[in-house]
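> This one is protein09.cif, mmCIF, C-alpha atoms and all ligand atoms.
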```
data_data
#
loop_
_atom_site.label_atom_id
_atom_site.label_comp_id
_atom_site.auth_asym_id
_atom_site.auth_seq_id
_atom_site.Cartn_x
_atom_site.Cartn_y
_atom_site.Cartn_z
CA MET W 1027 0.00 0.00 0.00
CA LEU W 1028 1.21 3.47 -0.85
CA ASN W 1029 1.69 5.66 2.20
CA PRO W 1030 1.42 9.45 1.97
CA ASN W 1031 4.05 11.78 3.38
CA VAL W 1032 2.63 11.78 6.88
CA HIS W 1033 4.62 14.90 7.79
CA TYR W 1034 1.97 16.98 6.03
CA GLY W 1035 -0.13 16.13 9.05
CA ASP W 1036 2.31 18.13 11.18
CA LEU W 1037 1.73 21.35 9.24
CA GLN W 1038 -0.61 24.08 10.39
CA GLU W 1039 -3.93 23.72 8.63
CA SER W 1040 -3.21 26.33 5.98
CA TYR W 1041 -0.35 28.51 4.85
CA LEU W 1042 -0.32 32.04 6.32
CA PHE W 1043 -0.87 34.02 3.13
CA TYR W 1044 -3.42 31.55 1.82
CA ASN W 1045 -5.29 31.86 5.09
CA ILE W 1046 -5.28 35.65 4.88
CA GLY W 1047 -6.41 35.47 1.26
CA GLN W 1048 -9.39 33.33 2.32
CA LYS W 1049 -10.37 35.76 5.10
CA VAL W 1050 -10.13 38.70 2.72
CA GLN W 1051 -12.21 36.88 0.11
CA ALA W 1052 -14.87 36.09 2.73
CA TYR W 1053 -14.99 39.80 3.60
CA LEU W 1054 -15.37 40.74 -0.08
CA ASP W 1055 -18.12 38.15 -0.56
CA ALA W 1056 -20.01 39.70 2.34
CA HIS W 1057 -19.28 43.28 1.17
CA PRO W 1058 -19.32 43.20 -2.63
CA GLY W 1059 -17.43 46.07 -4.22
CA ALA W 1060 -15.65 47.08 -0.99
CA LYS W 1061 -12.36 48.87 -1.56
CA LEU W 1062 -9.52 47.25 0.41
CA TYR W 1063 -6.17 48.77 1.37
CA ARG W 1064 -3.82 45.84 0.94
CA MET W 1065 -0.72 45.92 3.07
CA GLY W 1066 -0.65 42.21 3.82
CA ILE W 1067 1.46 40.02 1.54
CA GLY W 1068 4.56 41.76 0.21
CA ASP W 1069 3.39 41.98 -3.38
CA VAL W 1070 4.58 44.89 -5.49
CA SER W 1071 2.17 47.40 -7.00
CA LEU W 1072 4.43 49.14 -9.54
CA PRO W 1073 4.86 47.66 -13.01
CA LEU W 1074 8.18 46.34 -14.28
CA CYS W 1075 10.50 49.17 -15.27
CA ASP W 1076 10.86 50.27 -18.92
CA THR W 1077 14.32 48.78 -19.43
CA VAL W 1078 13.05 45.36 -18.35
CA ILE W 1079 9.91 45.59 -20.48
CA LYS W 1080 11.96 46.54 -23.53
CA ALA W 1081 14.29 43.56 -22.99
CA LEU W 1082 11.32 41.23 -22.56
CA HIS W 1083 9.78 42.47 -25.82
CA GLU W 1084 13.04 42.04 -27.69
CA ALA W 1085 13.40 38.53 -26.33
CA VAL W 1086 9.88 37.65 -27.45
CA ASP W 1087 10.79 38.90 -30.94
CA ASP W 1088 13.93 36.74 -30.87
CA GLN W 1089 11.73 33.72 -30.35
CA ALA W 1090 10.02 34.51 -33.69
CA VAL W 1091 13.24 34.43 -35.70
CA LYS W 1092 14.97 31.18 -36.63
CA GLU W 1093 18.50 32.56 -36.09
CA ARG W 1094 17.69 34.04 -32.68
CA PHE W 1095 15.26 31.43 -31.40
CA HIS W 1096 16.06 29.64 -28.12
CA GLY W 1097 14.77 26.24 -27.09
CA TYR W 1098 15.89 24.65 -23.81
CA MET W 1099 18.09 26.96 -21.79
CA PRO W 1100 21.09 25.78 -19.76
CA GLU W 1101 19.61 24.26 -16.59
CA CYS W 1102 21.66 26.37 -14.16
CA GLY W 1103 21.08 29.63 -16.02
CA ALA W 1104 22.02 31.48 -19.20
CA PRO W 1105 25.67 32.58 -19.16
CA PHE W 1106 24.63 36.17 -20.03
CA LEU W 1107 22.55 36.43 -16.83
CA ARG W 1108 24.99 34.52 -14.59
CA GLU W 1109 27.75 36.87 -15.77
CA ALA W 1110 25.60 39.98 -15.27
CA ILE W 1111 24.84 38.93 -11.69
CA ALA W 1112 28.47 38.04 -10.92
CA ALA W 1113 29.51 41.47 -12.29
CA HIS W 1114 26.89 43.12 -10.04
CA TYR W 1115 28.42 41.37 -7.01
CA ALA W 1116 31.94 42.31 -8.17
CA ARG W 1117 30.92 45.99 -8.24
CA ARG W 1118 30.08 45.56 -4.54
CA GLY W 1119 33.42 43.89 -3.82
CA VAL W 1120 32.29 40.23 -3.84
CA GLU W 1121 34.21 38.03 -6.26
CA LEU W 1122 32.26 35.07 -7.62
CA ASP W 1123 32.68 32.74 -10.56
CA ALA W 1124 29.74 33.31 -12.88
CA ASP W 1125 28.93 29.61 -12.64
CA GLU W 1126 28.50 29.93 -8.86
CA VAL W 1127 25.32 31.86 -9.75
CA PHE W 1128 22.31 29.61 -10.36
CA VAL W 1129 19.29 31.23 -12.00
CA SER W 1130 16.01 30.23 -10.38
CA SER W 1131 12.35 30.92 -10.77
CA GLY W 1132 12.20 32.77 -7.46
CA ALA W 1133 13.44 32.63 -3.90
CA SER W 1134 10.41 30.88 -2.41
CA ASP W 1135 10.71 27.94 -4.83
CA GLU W 1136 14.43 27.77 -4.24
CA LEU W 1137 14.19 27.90 -0.43
CA GLY W 1138 12.22 24.67 -0.58
CA ASP W 1139 14.15 22.99 -3.41
CA ILE W 1140 17.59 23.59 -1.89
CA LEU W 1141 16.67 21.29 1.00
CA ASP W 1142 17.21 18.36 -1.38
CA LEU W 1143 20.91 18.81 -0.55
CA PHE W 1144 20.53 17.89 3.11
CA SER W 1145 19.71 14.78 5.03
CA ARG W 1146 16.32 14.49 6.63
CA ASP W 1147 18.04 13.94 9.96
CA ALA W 1148 19.48 17.44 9.79
CA ALA W 1149 17.85 19.96 12.09
CA ALA W 1150 16.87 23.42 10.84
CA LEU W 1151 17.35 26.50 12.97
CA VAL W 1152 14.74 29.17 12.32
CA MET W 1153 15.13 32.59 13.95
CA GLU W 1154 11.63 33.76 14.66
CA PRO W 1155 9.60 35.74 13.77
CA ALA W 1156 10.35 34.29 10.32
CA TYR W 1157 8.99 33.86 6.83
CA PRO W 1158 6.74 30.84 7.41
CA ALA W 1159 7.92 28.83 4.41
CA TYR W 1160 11.22 28.07 6.20
CA VAL W 1161 9.40 26.06 8.83
CA ASP W 1162 6.81 24.53 6.52
CA ALA W 1163 9.33 23.27 3.94
CA ASN W 1164 11.26 21.48 6.69
CA VAL W 1165 8.18 20.12 8.41
CA MET W 1166 7.10 18.60 5.08
CA ALA W 1167 10.45 16.81 4.92
CA GLY W 1168 10.11 15.61 8.51
CA ARG W 1169 13.06 17.62 9.81
CA ARG W 1170 13.44 18.72 13.39
CA ILE W 1171 13.06 22.48 13.77
CA VAL W 1172 14.92 24.51 16.35
CA HIS W 1173 12.91 27.68 16.95
CA LEU W 1174 15.11 30.54 18.08
CA ALA W 1175 12.85 33.29 19.36
CA ALA W 1176 13.95 36.87 18.88
CA GLY W 1177 12.37 39.92 20.43
CA LYS W 1178 12.57 43.61 21.13
CA GLU W 1179 15.32 42.99 23.72
CA ASN W 1180 17.83 41.84 21.07
CA GLY W 1181 16.46 44.05 18.28
CA PHE W 1182 15.06 40.88 16.63
CA LEU W 1183 18.67 39.92 15.83
CA PRO W 1184 19.59 36.88 17.91
CA ALA W 1185 23.23 35.89 18.42
CA PRO W 1186 24.57 32.35 18.15
CA ASP W 1187 25.24 30.35 21.27
CA ASN W 1188 26.76 26.95 21.79
CA SER W 1189 23.57 25.36 23.05
CA LEU W 1190 21.97 25.64 19.58
CA ASP W 1191 21.82 22.15 18.18
CA ALA W 1192 21.08 22.51 14.46
CA ASP W 1193 22.70 21.95 11.07
CA ILE W 1194 20.92 24.32 8.69
CA PHE W 1195 20.59 27.94 9.79
CA TYR W 1196 18.08 30.26 8.16
CA ILE W 1197 19.09 33.90 8.21
CA CYS W 1198 17.00 36.58 6.52
CA SER W 1199 18.60 40.03 6.54
CA PRO W 1200 17.02 42.54 6.08
CA ASN W 1201 14.49 40.51 7.92
CA ASN W 1202 11.00 39.61 6.88
CA PRO W 1203 8.89 40.44 8.92
CA THR W 1204 10.75 42.71 11.36
CA GLY W 1205 12.95 44.74 8.98
CA ALA W 1206 15.94 44.18 11.32
CA VAL W 1207 19.34 43.98 9.58
CA PHE W 1208 22.41 42.17 10.90
CA SER W 1209 25.55 44.32 11.20
CA ARG W 1210 28.79 42.93 9.79
CA GLU W 1211 29.93 41.90 13.28
CA GLN W 1212 26.66 40.19 14.12
CA LEU W 1213 26.58 38.30 10.83
CA GLN W 1214 30.26 37.40 11.14
CA ALA W 1215 29.44 35.73 14.46
CA TRP W 1216 26.92 33.49 12.67
CA VAL W 1217 29.39 32.68 9.88
CA ASP W 1218 32.06 31.75 12.42
CA PHE W 1219 29.57 29.66 14.39
CA ALA W 1220 28.40 27.81 11.26
CA ASN W 1221 31.97 27.05 10.22
CA HIS W 1222 32.76 25.85 13.73
CA LYS W 1223 29.68 23.55 13.80
CA GLY W 1224 29.95 22.37 10.19
CA ALA W 1225 26.49 23.85 9.59
CA VAL W 1226 25.21 25.54 6.44
CA ILE W 1227 23.59 28.98 6.45
CA LEU W 1228 20.73 29.55 4.03
CA PHE W 1229 20.94 33.31 3.66
CA ASP W 1230 17.75 34.87 2.34
CA ALA W 1231 18.80 38.15 0.72
CA ALA W 1232 15.48 38.96 -0.94
CA TYR W 1233 15.37 42.42 0.64
CA GLU W 1234 19.03 43.47 0.33
CA ALA W 1235 18.24 46.24 -2.17
CA PHE W 1236 16.25 48.09 0.52
CA ILE W 1237 19.29 48.63 2.76
CA GLU W 1238 20.04 52.32 2.96
CA GLU W 1239 22.40 52.55 5.93
CA PRO W 1240 26.00 52.34 4.76
CA GLY W 1241 28.15 49.53 6.14
CA LEU W 1242 25.40 46.93 6.54
CA PRO W 1243 26.10 43.72 4.60
CA HIS W 1244 23.99 43.13 1.47
CA SER W 1245 25.46 39.69 0.83
CA ILE W 1246 26.76 37.08 3.24
CA PHE W 1247 29.72 36.67 0.91
CA GLU W 1248 30.99 40.05 2.04
CA LEU W 1249 32.09 38.21 5.20
CA GLU W 1250 35.20 36.21 5.84
CA GLY W 1251 34.59 32.47 5.85
CA ALA W 1252 31.14 32.53 4.19
CA ARG W 1253 32.35 30.58 1.17
CA THR W 1254 32.71 27.45 3.32
CA CYS W 1255 29.35 27.66 5.09
CA ALA W 1256 26.76 29.66 3.17
CA ILE W 1257 24.28 29.60 0.32
CA GLU W 1258 22.65 32.90 -0.64
CA ILE W 1259 19.15 32.91 -2.06
CA CYS W 1260 18.00 36.05 -3.76
CA SER W 1261 15.09 37.20 -5.82
CA LEU W 1262 14.13 39.87 -8.30
CA SER W 1263 10.59 39.89 -6.87
CA LYS W 1264 10.95 42.73 -4.44
CA THR W 1265 14.02 44.37 -5.95
CA ALA W 1266 12.71 44.65 -9.47
CA GLY W 1267 8.99 43.85 -9.31
CA PHE W 1268 9.16 40.21 -10.53
CA THR W 1269 6.66 38.77 -8.01
CA GLY W 1270 4.39 37.65 -10.83
CA THR W 1271 7.08 37.26 -13.49
CA ARG W 1272 9.17 34.91 -11.26
CA LEU W 1273 12.93 35.15 -11.39
CA GLY W 1274 15.64 34.78 -8.79
CA TYR W 1275 19.12 33.45 -8.26
CA THR W 1276 21.15 31.44 -5.79
CA ILE W 1277 24.84 31.78 -5.03
CA LEU W 1278 26.40 28.46 -4.13
CA PRO W 1279 30.20 28.57 -3.85
CA LYS W 1280 32.35 25.81 -5.30
CA THR W 1281 34.15 25.66 -1.95
CA LEU W 1282 31.07 24.58 0.01
CA GLU W 1283 31.21 21.00 1.27
CA CYS W 1284 29.16 18.88 3.60
CA GLY W 1285 30.25 15.48 4.92
CA GLY W 1286 33.01 15.35 2.33
CA MET W 1287 30.64 15.96 -0.59
CA SER W 1288 30.64 19.07 -2.77
CA LEU W 1289 27.31 20.82 -2.36
CA TYR W 1290 28.14 22.72 -5.54
CA ALA W 1291 28.47 19.53 -7.59
CA MET W 1292 25.32 18.15 -5.97
CA TRP W 1293 23.33 21.29 -6.82
CA VAL W 1294 24.47 21.18 -10.45
CA ARG W 1295 23.38 17.52 -10.49
CA ASN W 1296 20.06 18.46 -8.91
CA ARG W 1297 19.28 21.31 -11.29
CA THR W 1298 20.30 19.41 -14.41
CA THR W 1299 17.91 16.64 -13.39
CA LYS W 1300 15.00 18.60 -11.98
CA THR W 1301 14.75 21.67 -14.20
CA ASN W 1302 15.01 22.59 -17.83
CA GLY W 1303 16.08 26.11 -16.95
CA VAL W 1304 14.22 29.39 -16.73
CA SER W 1305 12.87 30.72 -20.03
CA TYR W 1306 15.12 32.77 -22.30
CA ILE W 1307 12.59 35.61 -22.28
CA LEU W 1308 12.59 35.99 -18.50
CA GLN W 1309 16.36 35.74 -18.25
CA LYS W 1310 16.71 38.52 -20.82
CA GLY W 1311 14.35 40.65 -18.74
CA GLY W 1312 16.40 39.79 -15.65
CA ALA W 1313 19.69 40.73 -17.28
CA ALA W 1314 18.26 44.19 -18.01
CA VAL W 1315 17.87 44.73 -14.23
CA PHE W 1316 21.65 44.61 -13.83
CA THR W 1317 22.42 47.24 -16.48
CA LYS W 1318 23.23 50.77 -15.34
CA GLU W 1319 19.89 52.10 -16.54
CA GLY W 1320 18.05 49.07 -15.14
CA GLN W 1321 19.57 49.71 -11.70
CA ARG W 1322 18.61 53.37 -11.88
CA GLN W 1323 15.01 52.52 -12.72
CA VAL W 1324 14.55 49.76 -10.15
CA MET W 1325 16.02 52.00 -7.44
CA ALA W 1326 13.57 54.76 -8.42
CA ASN W 1327 10.73 52.28 -7.89
CA LEU W 1328 12.11 51.23 -4.51
CA GLN W 1329 12.09 54.88 -3.52
CA VAL W 1330 8.30 54.91 -3.96
CA TYR W 1331 7.99 52.02 -1.49
CA LYS W 1332 10.40 53.75 0.87
CA ASN W 1333 8.18 56.84 0.82
CA ASN W 1334 5.22 54.61 1.67
CA ALA W 1335 7.20 53.34 4.65
CA LYS W 1336 7.69 56.91 5.83
CA ILE W 1337 3.95 57.60 5.62
CA LEU W 1338 3.19 54.54 7.75
CA MET W 1339 5.99 55.26 10.20
CA ARG W 1340 4.61 58.77 10.72
CA ALA W 1341 1.18 57.31 11.44
CA MET W 1342 2.68 54.90 14.02
CA GLU W 1343 4.51 57.78 15.67
CA GLU W 1344 1.37 59.91 15.78
CA LEU W 1345 -0.44 57.01 17.42
CA GLY W 1346 2.40 56.26 19.84
CA ILE W 1347 2.56 52.67 18.62
CA TRP W 1348 5.88 50.87 19.04
CA TYR W 1349 7.33 49.74 15.70
CA CYS W 1350 10.56 48.81 13.98
CA GLY W 1351 11.59 48.26 10.35
CA GLY W 1352 10.57 50.47 7.45
CA LYS W 1353 14.06 51.87 7.00
CA ASN W 1354 16.18 49.13 5.42
CA ALA W 1355 13.25 46.87 4.56
CA PRO W 1356 9.78 47.14 3.02
CA TYR W 1357 8.02 45.98 6.20
CA ILE W 1358 6.90 47.72 9.36
CA TRP W 1359 6.62 45.53 12.41
CA LEU W 1360 4.49 46.91 15.21
CA LYS W 1361 3.04 46.07 18.57
CA CYS W 1362 -0.74 45.61 18.36
CA PRO W 1363 -2.39 48.44 20.29
CA GLY W 1364 -4.81 48.01 23.18
CA GLY W 1365 -3.50 44.56 24.13
CA MET W 1366 -5.18 43.01 21.08
CA ASP W 1367 -3.75 39.76 19.80
CA SER W 1368 -2.56 39.76 16.21
CA TRP W 1369 -5.57 38.02 14.64
CA GLN W 1370 -7.97 40.23 16.60
CA PHE W 1371 -6.13 43.28 15.29
CA PHE W 1372 -6.28 41.83 11.77
CA ASP W 1373 -10.08 41.45 12.01
CA HIS W 1374 -10.48 44.88 13.60
CA LEU W 1375 -8.59 46.63 10.78
CA LEU W 1376 -10.32 44.67 8.04
CA ASN W 1377 -13.82 45.17 9.41
CA GLU W 1378 -13.52 48.78 10.56
CA ILE W 1379 -11.26 50.44 7.99
CA GLN W 1380 -10.75 47.81 5.26
CA VAL W 1381 -6.99 47.75 5.84
CA VAL W 1382 -5.30 44.36 5.37
CA GLY W 1383 -2.08 43.56 7.23
CA THR W 1384 -0.40 40.38 8.39
CA PRO W 1385 -0.77 39.03 11.94
CA GLY W 1386 2.60 38.63 13.64
CA GLU W 1387 1.63 35.23 14.97
CA GLY W 1388 1.81 33.91 11.41
CA PHE W 1389 5.60 34.32 11.62
CA GLY W 1390 6.00 32.15 14.72
CA ALA W 1391 4.81 32.03 18.31
CA CYS W 1392 6.97 34.98 19.36
CA GLY W 1393 5.11 37.14 16.83
CA LYS W 1394 2.03 37.00 19.07
CA GLY W 1395 0.80 40.51 19.79
CA TYR W 1396 2.66 41.96 16.79
CA PHE W 1397 1.54 42.92 13.31
CA ARG W 1398 3.21 43.57 9.94
CA PHE W 1399 2.45 46.15 7.28
CA SER W 1400 3.95 45.80 3.84
CA THR W 1401 4.95 49.05 2.14
CA PHE W 1402 4.49 47.75 -1.41
CA GLY W 1403 1.08 49.33 -2.00
CA SER W 1404 0.38 52.40 -4.11
CA PRO W 1405 1.20 55.77 -2.53
CA GLU W 1406 -2.48 56.77 -2.71
CA ASP W 1407 -3.66 53.64 -0.92
CA THR W 1408 -0.90 53.90 1.65
CA GLU W 1409 -1.78 57.52 2.35
CA GLU W 1410 -5.46 56.64 2.77
CA ALA W 1411 -4.69 53.58 4.91
CA ALA W 1412 -2.49 55.71 7.18
CA LYS W 1413 -5.32 58.26 7.58
CA ARG W 1414 -7.77 55.52 8.41
CA LEU W 1415 -5.40 53.97 10.94
CA VAL W 1416 -4.93 57.28 12.72
CA ALA W 1417 -8.68 57.99 12.74
CA LEU W 1418 -9.49 54.51 14.11
CA LEU W 1419 -6.77 54.15 16.69
CA LYS W 1420 -6.24 57.67 18.01
C1 LIG O 1501 5.69 38.17 2.34
O1 LIG O 1501 4.72 38.90 2.31
O2 LIG O 1501 6.20 37.77 3.39
C2 LIG O 1501 6.28 37.73 1.05
O3 LIG O 1501 5.83 38.54 0.03
C3 LIG O 1501 5.88 36.38 0.72
C4 LIG O 1501 6.76 35.83 -0.35
O4 LIG O 1501 7.75 36.43 -0.74
O5 LIG O 1501 6.43 34.74 -0.79
#
```
Mind converting the file's structure to structure tokens?

Amino acid sequence: MLNPNVHYGDLQESYLFYNIGQKVQAYLDAHPGAKLYRMGIGDVSLPLCDTVIKALHEAVDDQAVKERFHGYMPECGAPFLREAIAAHYARRGVELDADEVFVSSGASDELGDILDLFSRDAAALVMEPAYPAYVDANVMAGRRIVHLAAGKENGFLPAPDNSLDADIFYICSPNNPTGAVFSREQLQAWVDFANHKGAVILFDAAYEAFIEEPGLPHSIFELEGARTCAIEICSLSKTAGFTGTRLGYTILPKTLECGGMSLYAMWVRNRTTKTNGVSYILQKGGAAVFTKEGQRQVMANLQVYKNNAKILMRAMEELGIWYCGGKNAPYIWLKCPGGMDSWQFFDHLLNEIQVVGTPGEGFGACGKGYFRFSTFGSPEDTEEAAKRLVALLK
């Protein structure tokens, strides 16, 4: 008899953003035509920038011409995109071989797929509050999870300590959901700890482009020793508006080994078996992001989201609500007012002012009593949502 993967029974009943989507749909069914102010899931509201659109159009035209047509792409990524990404890192002082860059169809897919490299006996350390897919992907595989709770007292940036018994460490910096960013020294401590333990860090760099304070690390490979203990997973979703288009990349150094096996060789083997590569058209669009003009345009878009953050931060200050984030990350993490728990606050905002956020509890038990706003909405909606928040909570 075929047995199912019984570990699915250990998952929470539904995934956080799916759950929120259902609640929002139920509200819309009961209030047809209601206008919602969506600051829940971190989905972008601005279109792809002109340089990317032009490259996508040109690539579509290539597919119509025999001489320029592309069929299967190299499984690990087109050389033109791998080289463009390696050159982008080099401009920031990180030297990579272009073939240490693996093109992916997005960070969330990759964060799950990369686990193929590790034994099911390995334990995963998740610093919470955390993006819920880290936990879920490991629960599905039956792995033990070590939950490391962070809080206001350590600025949501926990430090390693010898009692932590885990093999895979998830680090997201700038952090989703808190917006906290590890300093070089703090991140170095994790790199040193991972090397000492023989653990591997999965570094989620999806929000690196939002860092505005100088001196904070954008890539884990800026740090000494990372090439023997880290994999960096990055995405063009938030940086360049590819949430729906789907494109990302992973940096896996050739020097990374585990139990005497080369994780690099294993990942090449994995990709060449399990994917036929990302489409030529998307990779052309992605390469345009790393041109000078592409960088200028994507940064101009990020500025719009950063202004949204300022609007929401002002509202929190006016209300005297404790918050963090919003500066180096597109999320604002706040304490629910009036002693409400995070789902109560979610319902209150949805029902009273049609504002959608994300309950902190969805990011782990220590997120209880907290709430997250995404700053990816339109400026008009953000402005109106801020007004409504102030009017409701003052
Ligand atoms: C979030 O809102 O946490 C993210 O947008 C979800 C994701 O990237 O999948």
> Any idea what the distance is between CA of Pro1186 (chain W) and atom O3 of ligand LIG 1501 (chain O)?
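Pair CA of Pro1186 (chain W) / atom O3 of ligand LIG 1501 (chain O) returns 26.8 Å.
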> Collect all residues with atoms no farther than 7 Å from ligand LIG 1501 (chain O), counting only C-alpha atoms and all ligand atoms, and output them as a PyMOL selection string.
chain W and resi 1066-1069+1134+1157+1202-1203
> If you count only C-alpha atoms, which residues fall within 10 Å of region 1038-1041 of chain W, apart from same-chain ones fewer than 3 positions away, as a PyMOL selection string?
chain W and resi 1034-1035+1044-1047+1158-1159+1162+1165+1388
> So, with only C-alpha atoms as the atoms that count, which of W:Ile1358, W:Ala1266, W:Ala1341, W:Ala1133 lies closest to Ile1079 (chain W)?
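Of W:Ile1358, W:Ala1266, W:Ala1341, W:Ala1133, the one nearest Ile1079 (chain W) is W:Ala1266, counting only C-alpha atoms.
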> Per residue of region 1118-1182 of chain W within 10 Å of region 1216-1229 of chain W, what are the shortest atom pair and its distance in Å to one decimal, counting all atoms listed in the file, with rows by chain and residue number, as CSV?

```
residue,atom,partner,partner_atom,distance
W:Leu1137,CA,W:Leu1228,CA,8.1
W:Ile1140,CA,W:Leu1228,CA,9.0
W:Leu1141,CA,W:Leu1228,CA,9.7
W:Phe1144,CA,W:Val1226,CA,9.6
W:Ala1148,CA,W:Ala1225,CA,9.5
W:Ala1149,CA,W:Ala1225,CA,9.8
W:Ala1150,CA,W:Val1226,CA,9.7
W:Leu1151,CA,W:Ile1227,CA,9.4
W:Tyr1160,CA,W:Leu1228,CA,9.9
```
> One decimal, Å: what's the distance from CA of Lys1336 (chain W) over to CA of Thr1401 (chain W), could you say?
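Between CA of Lys1336 (chain W) and CA of Thr1401 (chain W) the gap works out to 9.1 Å.
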> Extending 4 Å beyond the listed atoms of region 1097-1108 of chain W on each side, what axis-aligned box results? I want centre and edge lengths in Å to one decimal, as JSON.

```
{"center_x": 20.2, "center_y": 30.3, "center_z": -20.6, "size_x": 18.9, "size_y": 20.2, "size_z": 20.9}
```
> Skip region 1391-1397 of chain W itself and residues of its chain fewer than 6 positions away, then list as a PyMOL selection string all residues within 12 Å of it, counting all atoms listed in the file.
chain W and resi 1065-1066+1152-1158+1173-1178+1182+1202-1204+1347-1351+1357-1373+1375+1382-1385
> Quick one: residues within 12 Å of Cys1075 (chain W), only C-alpha atoms counted, chain neighbours fewer than 6 positions away excluded, as a list in words?
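My list of contacting residues is Ala1081, Leu1082, Thr1265, Ala1266, Gly1267, Phe1268, Gly1311, Gly1312, Ala1314, Val1315, Glu1319, Gly1320, Gln1321, Arg1322, Gln1323, Val1324, Met1325, Ala1326, Asn1327 and Leu1328 of chain W.
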> Restricting the calculation to only C-alpha atoms, which member of W:Asp1135, W:Asp1125, W:Asp1147, W:Asp1230 is positioned closest to Glu1258 (chain W)?
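Ranked by minimum distance to Glu1258 (chain W), first place goes to W:Asp1230.
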> Which of these, W:Ser1209, W:Asn1354, W:Ser1145, W:Asn1180, has the shortest distance to Asp1193 (chain W) once you count all atoms listed in the file?
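Of all the options, W:Ser1145 lies closest to Asp1193 (chain W).
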> From the set W:Val1086, W:Leu1054, W:Leu1338, W:Leu1028, which residue has the shortest atom-to-atom contact distance to Pro1405 (chain W), counting all atoms listed in the file?
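Among the listed residues, W:Leu1338 lies closest to Pro1405 (chain W).
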> Record the distance separating CA of Leu1107 (chain W) and CA of Val1129 (chain W), expressed in Å with one decimal.
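Result for CA of Leu1107 (chain W) versus CA of Val1129 (chain W): 7.8 Å, one decimal.
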